[in-house]
$ cat structure08.cif   # mmCIF, C-alpha atoms
data_start
loop_
_atom_site.label_atom_id
_atom_site.label_comp_id
_atom_site.auth_asym_id
_atom_site.auth_seq_id
_atom_site.Cartn_x
_atom_site.Cartn_y
_atom_site.Cartn_z
CA MET I 1 20.90 -1.41 12.54
CA LEU I 2 20.73 1.99 10.93
CA ALA I 3 19.17 0.63 7.78
CA GLY I 4 18.75 1.91 4.27
CA GLY I 5 21.74 4.25 4.13
CA PRO I 6 24.84 4.32 1.96
CA VAL I 7 26.90 2.22 4.39
CA THR I 8 24.49 -0.64 5.09
CA ALA I 9 23.06 -3.50 3.07
CA ALA I 10 19.57 -3.59 1.63
CA GLY I 11 16.99 -6.15 2.65
CA GLN I 12 17.83 -6.28 6.35
CA GLY I 13 14.26 -5.85 7.58
CA ASP I 14 12.71 -8.85 9.28
CA ALA I 15 9.91 -8.82 6.68
CA ALA I 16 12.30 -9.75 3.87
CA GLY I 17 11.45 -12.83 1.90
CA HIS I 18 13.21 -14.84 -0.80
CA GLY I 19 14.82 -13.06 -3.72
CA GLY I 20 14.92 -9.66 -2.03
CA ARG I 21 11.13 -9.44 -1.77
CA PHE I 22 9.22 -8.04 1.19
CA SER I 23 5.72 -8.57 2.48
CA PHE I 24 3.70 -5.37 1.94
CA ASP I 25 0.26 -4.47 3.24
CA ILE I 26 0.02 -0.69 2.83
CA PRO I 27 -3.56 0.52 2.17
CA PRO I 28 -4.29 3.79 0.33
CA GLN I 29 -3.53 6.67 2.71
CA PRO I 30 -1.81 10.06 2.90
CA LEU I 31 1.38 9.80 0.88
CA ALA I 32 3.67 10.87 3.73
CA SER I 33 2.46 8.11 6.07
CA ALA I 34 2.59 5.52 3.26
CA LEU I 35 6.24 6.43 2.61
CA ASP I 36 6.96 6.07 6.33
CA SER I 37 5.46 2.55 6.24
CA TYR I 38 7.48 1.69 3.15
CA SER I 39 10.68 2.87 4.87
CA ALA I 40 9.93 0.80 7.97
CA ILE I 41 9.37 -2.35 5.88
CA THR I 42 12.32 -2.05 3.50
CA GLY I 43 14.87 -0.12 5.56
CA ARG I 44 15.31 2.36 2.70
CA GLU I 45 15.80 6.01 3.55
CA ILE I 46 13.18 8.43 2.22
CA PHE I 47 13.75 12.11 1.56
CA CYS I 48 10.81 14.27 0.55
CA ASP I 49 9.46 17.78 0.98
CA GLY I 50 6.65 17.46 3.50
CA ASP I 51 4.85 20.51 2.13
CA LEU I 52 4.83 19.11 -1.41
CA VAL I 53 3.29 15.76 -0.44
CA LEU I 54 0.67 17.35 1.81
CA GLY I 55 -2.78 16.37 0.57
CA ARG I 56 -1.45 13.65 -1.78
CA ARG I 57 -2.48 10.03 -1.40
CA SER I 58 -0.77 6.75 -2.14
CA SER I 59 -2.04 3.71 -3.99
CA GLU I 60 -2.42 0.32 -2.32
CA VAL I 61 0.64 -1.91 -2.06
CA SER I 62 0.01 -5.55 -1.19
CA GLY I 63 1.84 -8.84 -1.50
CA MET I 64 5.42 -10.05 -1.79
CA LEU I 65 7.23 -7.46 -3.90
CA THR I 66 10.71 -6.10 -4.53
CA PRO I 67 11.30 -2.64 -3.03
CA ASP I 68 11.37 -1.00 -6.48
CA ALA I 69 8.12 -2.65 -7.60
CA ALA I 70 6.42 -1.70 -4.33
CA LEU I 71 7.57 1.91 -4.59
CA LYS I 72 6.30 2.17 -8.15
CA ALA I 73 2.91 0.80 -7.04
CA LEU I 74 2.77 3.12 -4.02
CA LEU I 75 3.45 6.25 -6.11
CA ARG I 76 1.02 5.33 -8.91
CA ASP I 77 -1.24 8.32 -9.72
CA SER I 78 0.35 10.39 -6.93
CA GLY I 79 2.10 12.82 -9.28
CA PHE I 80 5.48 11.96 -7.76
CA VAL I 81 8.48 9.97 -8.95
CA PRO I 82 11.46 8.49 -7.05
CA ARG I 83 15.03 9.61 -7.70
CA VAL I 84 17.94 7.55 -6.42
CA THR I 85 20.29 9.40 -4.05
CA GLY I 86 22.31 6.45 -2.73
CA PRO I 87 22.50 2.66 -2.86
CA HIS I 88 19.45 2.33 -0.59
CA SER I 89 18.08 5.85 -0.36
CA PHE I 90 15.96 8.04 -2.59
CA THR I 91 14.11 11.31 -2.78
CA VAL I 92 10.50 11.68 -3.89
CA MET I 93 9.97 14.55 -6.33
CA PRO I 94 7.09 15.92 -8.43
CA ALA I 95 6.92 14.14 -11.77
CA PRO I 96 7.87 16.27 -14.79
CA GLN I 97 4.89 17.11 -16.95
CA GLY I 98 3.88 14.10 -19.01
CA GLU I 99 6.00 11.64 -17.01
CA GLY I 100 4.35 8.75 -15.19
CA THR I 101 5.66 7.04 -12.09
CA GLY I 102 8.37 5.41 -14.19
CA PRO I 103 11.35 3.45 -12.94
CA VAL I 104 13.52 4.40 -10.00
CA ILE I 105 16.25 6.41 -11.74
CA ALA I 106 19.31 8.37 -10.72
CA SER I 107 19.12 12.08 -9.98
CA SER I 108 21.61 14.62 -11.30
CA ALA I 109 22.15 15.66 -7.67
CA SER I 110 22.82 12.05 -6.62
CA ASP I 111 26.50 12.46 -5.70
CA GLU I 112 25.95 15.58 -3.62
CA TYR I 113 22.93 14.14 -1.82
CA GLN I 114 24.69 10.83 -1.23
CA ARG I 115 27.67 12.50 0.46
CA TYR I 116 25.35 14.51 2.69
CA PHE I 117 23.13 11.55 3.59
CA ALA I 118 26.22 9.50 4.43
CA ALA I 119 27.40 12.29 6.78
CA VAL I 120 23.97 12.45 8.43
CA GLN I 121 23.82 8.70 8.93
CA ALA I 122 27.35 8.55 10.35
CA GLY I 123 26.44 11.36 12.76
CA LEU I 124 23.26 9.59 13.83
CA ARG I 125 25.07 6.31 14.38
CA GLN I 126 27.63 8.04 16.57
CA ALA I 127 24.92 9.86 18.54
CA PHE I 128 22.84 6.72 19.08
CA CYS I 129 25.81 4.50 19.95
CA ARG I 130 26.92 6.78 22.80
CA ASN I 131 23.97 5.78 24.98
CA PRO I 132 23.08 2.16 25.89
CA GLU I 133 19.40 3.17 25.73
CA THR I 134 19.60 4.16 22.05
CA ARG I 135 22.25 1.71 20.90
CA PRO I 136 20.80 -0.07 17.82
CA GLY I 137 20.23 -3.79 17.95
CA THR I 138 16.95 -5.01 19.43
CA TYR I 139 14.28 -2.51 18.44
CA ARG I 140 12.57 -1.06 15.37
CA LEU I 141 11.91 2.65 14.97
CA VAL I 142 11.28 5.19 12.23
CA VAL I 143 12.42 8.73 12.94
CA LYS I 144 11.61 11.87 10.96
CA PHE I 145 13.73 14.99 11.33
CA TRP I 146 14.44 18.39 9.83
CA MET I 147 18.00 19.73 9.49
CA ALA I 148 18.81 23.39 10.16
CA PRO I 149 21.40 25.26 8.00
CA SER I 150 23.72 25.10 11.02
CA GLY I 151 23.90 21.32 10.73
CA ALA I 152 21.82 20.70 13.84
CA VAL I 153 18.48 18.91 14.04
CA GLN I 154 15.85 21.62 14.01
CA HIS I 155 12.90 19.36 14.80
CA SER I 156 12.35 15.61 15.10
CA GLU I 157 9.48 13.16 15.45
CA LEU I 158 9.46 9.50 16.44
CA LEU I 159 6.96 7.66 14.26
CA GLY I 160 5.64 5.17 16.78
CA SER I 161 7.60 3.88 19.76
CA THR I 162 10.44 1.52 20.55
CA GLY I 163 8.22 0.05 23.24
CA ASN I 164 10.17 1.78 26.00
CA ARG I 165 9.33 5.33 27.09
CA GLU I 166 12.77 5.95 28.57
CA ARG I 167 14.39 4.90 25.30
CA ASP I 168 12.01 7.10 23.30
CA ARG I 169 13.00 10.11 25.41
CA ALA I 170 16.67 9.20 25.05
CA PHE I 171 16.25 9.24 21.27
CA GLY I 172 14.91 12.79 21.38
CA ALA I 173 17.90 13.86 23.46
CA ALA I 174 20.37 12.05 21.18
CA LEU I 175 18.98 13.73 18.08
CA GLN I 176 19.59 17.13 19.65
CA THR I 177 23.32 16.34 19.90
CA LEU I 178 23.67 15.76 16.15
CA ARG I 179 25.89 18.24 14.32
CA ILE I 180 26.78 17.88 10.63
CA ALA I 181 29.80 19.92 9.53
CA GLN I 182 29.03 19.44 5.83
CA PRO I 183 26.70 22.13 4.43
CA SER I 184 23.31 20.82 3.32
CA PRO I 185 22.85 20.64 -0.47
CA ALA I 186 20.72 23.28 -2.14
CA GLY I 187 17.11 22.18 -2.40
CA LEU I 188 17.50 19.41 0.17
CA PRO I 189 14.06 17.76 0.50
CA GLN I 190 12.86 17.70 4.07
CA PRO I 191 11.92 16.11 6.39
CA LEU I 192 14.40 13.25 6.28
CA THR I 193 13.09 9.85 7.37
CA MET I 194 15.27 7.01 8.62
CA ALA I 195 14.37 3.48 9.66
CA ILE I 196 16.33 1.82 12.48
CA LEU I 197 15.86 -1.95 12.31
CA PRO I 198 16.78 -4.84 14.61
CA HIS I 199 19.95 -6.78 13.89
CA THR I 200 19.35 -9.92 11.87
CA SER I 201 22.93 -11.20 11.69
CA GLY I 202 24.07 -10.70 15.29
CA ALA I 203 26.62 -8.09 14.17
CA ASP I 204 27.14 -5.07 16.40
CA GLU I 205 26.35 -1.92 14.40
CA CYS I 206 28.26 0.18 16.95
CA PHE I 207 31.45 -1.90 16.96
CA ALA I 208 33.32 0.28 14.45
CA THR I 209 32.16 3.45 16.19
CA ASP I 210 33.34 2.13 19.57
CA ALA I 211 36.74 1.23 18.13
CA ARG I 212 37.24 4.71 16.69
CA GLN I 213 36.24 6.29 20.00
CA GLY I 214 38.35 3.94 22.12
CA VAL I 215 35.37 2.52 24.01
CA ASP I 216 35.99 -0.82 25.76
#

$ encode --input "structure08.cif" --output "structure tokens"
Amino acid sequence: MLAGGPVTAAGQGDAAGHGGRFSFDIPPQPLASALDSYSAITGREIFCDGDLVLGRRSSEVSGMLTPDAALKALLRDSGFVPRVTGPHSFTVMPAPQGEGTGPVIASSASDEYQRYFAAVQAGLRQAFCRNPETRPGTYRLVVKFWMAPSGAVQHSELLGSTGNRERDRAFGAALQTLRIAQPSPAGLPQPLTMAILPHTSGADECFATDARQGVD
């Protein structure tokens, strides 16, 4: 499942517990890697400027927590705050002077970002569903990528492995086929990070894509 985006449900990760809580065990570490771990656990999409978070560290997050409570704990004393950009996506931005971590609140650019993130996720789903090797369903992966003004993926990184080298290489090739016709919003925080989680309901994430493309 392409998790965490505007067209999927929250709480699909296999670490989810009762009441929308997840099991967290994220020690203090560089903020970028802590956010990657958070994304992998919750399935939420994370958008941040890699240069801005360079050298910043996260706080420890441990125990059964809701995603919002865990994010607030992770960002404590980091100098950053979360801004909602979609139902299950957010951007991490420097906190205004005098503002603490605070609640997860909506950004004034939410609508514009949400439309763009939805286009990116739809493009990724289509790219991944074309190839049986990258078709979502049985593996977990977090991918980080940078979008060029042309709408193509300028650079990408797999954070970890799917457990299959051929599949990992196929992901790199699939990402290079992505093209987004919609212009990227001004000030788009990059890199973009997306978690791809195993199916928990047995539903085929690619079914709708196959139907539109006329695939048997």

$ resolve_selection --input "structure08.cif" --expression "the PyMOL selection byres ((chain I and resi 54-58) around 7)" --output "number ranges by chain"
I: 28-31, 34, 50-53, 59-60, 74-75, 78

$ residues_near_point --input "structure08.cif" --point "(10.4, 16.8, 13.3)" --cutoff "6 Å" --atoms "all atoms listed in the file" --output "list in words"
Lys144, Phe145, Trp146, His155, Ser156 and Glu157 of chain I

$ atom_distance --input "structure08.cif" --atom1 "CA of Ala95 in chain I" --atom2 "CA of Asp77 in chain I"
10.2 Å

$ atom_distance --input "structure08.cif" --atom1 "CA of Ala152 in chain I" --atom2 "CA of Thr177 in chain I"
7.6 Å

$ closest_residue --input "structure08.cif" --among "I:Val81, I:Ile196, I:Met93, I:Val120" --to "Thr134 in chain I" --atoms "only C-alpha atoms"
I:Ile196

$ atom_distance --input "structure08.cif" --atom1 "CA of Lys72 in chain I" --atom2 "CA of Ala40 in chain I"
16.6 Å

$ closest_residue --input "structure08.cif" --among "I:Ser39, I:Ser33, I:Asn131, I:Thr138" --to "Thr91 in chain I" --atoms "all atoms listed in the file"
I:Ser39

$ decode --input "structure08.cif" --residues "range 68-203 of chain I" --atoms "C-alpha atoms" --output "compact mmCIF listing (two decimals), in the first residue's frame"
# COMPACT_ATOMS: atom_id res chain seq x y z
CA ASP I 68 0.27 13.27 16.63
CA ALA I 69 1.56 12.69 20.18
CA ALA I 70 4.61 10.86 18.85
CA LEU I 71 5.39 13.62 16.37
CA LYS I 72 5.13 16.27 19.06
CA ALA I 73 7.54 14.27 21.26
CA LEU I 74 9.96 13.67 18.37
CA LEU I 75 10.16 17.38 17.49
CA ARG I 76 10.51 18.59 21.09
CA ASP I 77 13.43 21.06 21.37
CA SER I 78 14.29 20.60 17.68
CA GLY I 79 13.22 24.10 16.65
CA PHE I 80 10.74 22.67 14.13
CA VAL I 81 6.96 22.38 14.01
CA PRO I 82 4.65 20.22 11.86
CA ARG I 83 2.17 21.74 9.42
CA VAL I 84 -0.62 19.62 7.97
CA THR I 85 -0.63 19.36 4.16
CA GLY I 86 -3.15 16.54 3.72
CA PRO I 87 -5.21 14.03 5.69
CA HIS I 88 -2.12 11.94 6.46
CA SER I 89 0.78 14.10 5.30
CA PHE I 90 2.65 17.04 6.73
CA THR I 91 5.62 19.29 6.25
CA VAL I 92 8.19 20.07 8.94
CA MET I 93 9.07 23.76 9.14
CA PRO I 94 11.18 25.99 11.41
CA ALA I 95 9.14 27.17 14.38
CA PRO I 96 8.28 30.89 14.39
CA GLN I 97 10.18 32.79 17.04
CA GLY I 98 8.69 32.13 20.45
CA GLU I 99 6.60 29.15 19.30
CA GLY I 100 7.17 25.72 20.81
CA THR I 101 6.50 22.41 19.13
CA GLY I 102 2.78 23.02 19.52
CA PRO I 103 -0.03 20.99 18.00
CA VAL I 104 -0.12 19.69 14.45
CA ILE I 105 -1.93 22.54 12.68
CA ALA I 106 -2.95 23.39 9.15
CA SER I 107 -0.69 25.39 6.87
CA SER I 108 -1.90 28.28 4.72
CA ALA I 109 -0.40 26.43 1.75
CA SER I 110 -2.29 23.24 2.65
CA ASP I 111 -4.60 23.14 -0.38
CA GLU I 112 -1.83 23.74 -2.90
CA TYR I 113 0.51 21.23 -1.29
CA GLN I 114 -2.26 18.65 -0.95
CA ARG I 115 -3.10 18.82 -4.67
CA TYR I 116 0.56 18.41 -5.58
CA PHE I 117 1.17 15.55 -3.14
CA ALA I 118 -1.92 13.77 -4.46
CA ALA I 119 -0.56 14.09 -8.02
CA VAL I 120 2.84 12.75 -6.92
CA GLN I 121 1.30 9.79 -5.12
CA ALA I 122 -0.97 8.94 -8.05
CA GLY I 123 2.05 9.07 -10.37
CA LEU I 124 4.08 6.83 -8.07
CA ARG I 125 1.26 4.32 -7.76
CA GLN I 126 0.96 4.13 -11.53
CA ALA I 127 4.73 3.75 -11.95
CA PHE I 128 5.02 1.04 -9.29
CA CYS I 129 1.95 -0.89 -10.46
CA ARG I 130 3.31 -1.29 -14.00
CA ASN I 131 5.96 -3.77 -12.88
CA PRO I 132 5.22 -6.99 -10.93
CA GLU I 133 8.53 -6.47 -9.09
CA THR I 134 7.44 -3.12 -7.63
CA ARG I 135 3.71 -3.77 -7.30
CA PRO I 136 2.78 -2.89 -3.69
CA GLY I 137 1.44 -5.59 -1.42
CA THR I 138 3.97 -7.74 0.41
CA TYR I 139 6.90 -5.51 1.31
CA ARG I 140 7.76 -2.44 3.37
CA LEU I 141 9.94 0.36 2.03
CA VAL I 142 10.63 4.03 2.65
CA VAL I 143 11.76 6.05 -0.36
CA LYS I 144 13.17 9.58 -0.38
CA PHE I 145 13.19 11.62 -3.58
CA TRP I 146 13.73 15.10 -4.97
CA MET I 147 11.48 16.54 -7.70
CA ALA I 148 12.91 18.64 -10.54
CA PRO I 149 10.98 21.68 -11.90
CA SER I 150 10.26 19.58 -14.99
CA GLY I 151 8.14 17.20 -12.92
CA ALA I 152 10.67 14.37 -13.09
CA VAL I 153 12.47 12.73 -10.18
CA GLN I 154 15.84 14.42 -9.96
CA HIS I 155 17.33 12.06 -7.38
CA SER I 156 16.04 9.22 -5.22
CA GLU I 157 17.20 7.06 -2.33
CA LEU I 158 15.80 3.83 -0.94
CA LEU I 159 16.00 3.93 2.85
CA GLY I 160 16.77 0.31 3.54
CA SER I 161 15.76 -2.58 1.30
CA THR I 162 12.69 -4.56 0.34
CA GLY I 163 14.75 -7.68 0.96
CA ASN I 164 15.14 -8.33 -2.76
CA ARG I 165 17.97 -6.73 -4.76
CA GLU I 166 16.17 -7.11 -8.08
CA ARG I 167 13.12 -5.35 -6.64
CA ASP I 168 15.29 -2.58 -5.19
CA ARG I 169 16.81 -1.95 -8.62
CA ALA I 170 13.37 -2.03 -10.21
CA PHE I 171 12.24 0.69 -7.80
CA GLY I 172 15.08 2.95 -8.91
CA ALA I 173 14.08 2.42 -12.54
CA ALA I 174 10.38 3.00 -11.80
CA LEU I 175 11.09 6.29 -10.05
CA GLN I 176 12.90 7.54 -13.14
CA THR I 177 9.70 7.10 -15.18
CA LEU I 178 7.68 9.44 -12.94
CA ARG I 179 6.47 12.64 -14.58
CA ILE I 180 4.17 15.12 -12.82
CA ALA I 181 2.39 17.55 -15.15
CA GLN I 182 1.33 19.82 -12.30
CA PRO I 183 3.93 22.51 -11.47
CA SER I 184 5.49 22.14 -8.04
CA PRO I 185 4.30 24.72 -5.48
CA ALA I 186 6.61 27.58 -4.60
CA GLY I 187 8.78 26.73 -1.61
CA LEU I 188 8.11 23.00 -1.86
CA PRO I 189 10.11 21.36 0.97
CA GLN I 190 12.40 18.65 -0.31
CA PRO I 191 13.24 15.82 -0.21
CA LEU I 192 9.86 14.11 -0.17
CA THR I 193 9.63 10.89 1.83
CA MET I 194 7.01 8.19 1.27
CA ALA I 195 6.38 4.95 3.11
CA ILE I 196 5.13 1.92 1.15
CA LEU I 197 3.57 -0.59 3.55
CA PRO I 198 2.32 -4.17 3.20
CA HIS I 199 -1.38 -4.75 2.68
CA THR I 200 -3.24 -5.49 5.88
CA SER I 201 -6.73 -5.97 4.44
CA GLY I 202 -5.98 -8.13 1.40
CA ALA I 203 -7.12 -5.33 -0.93
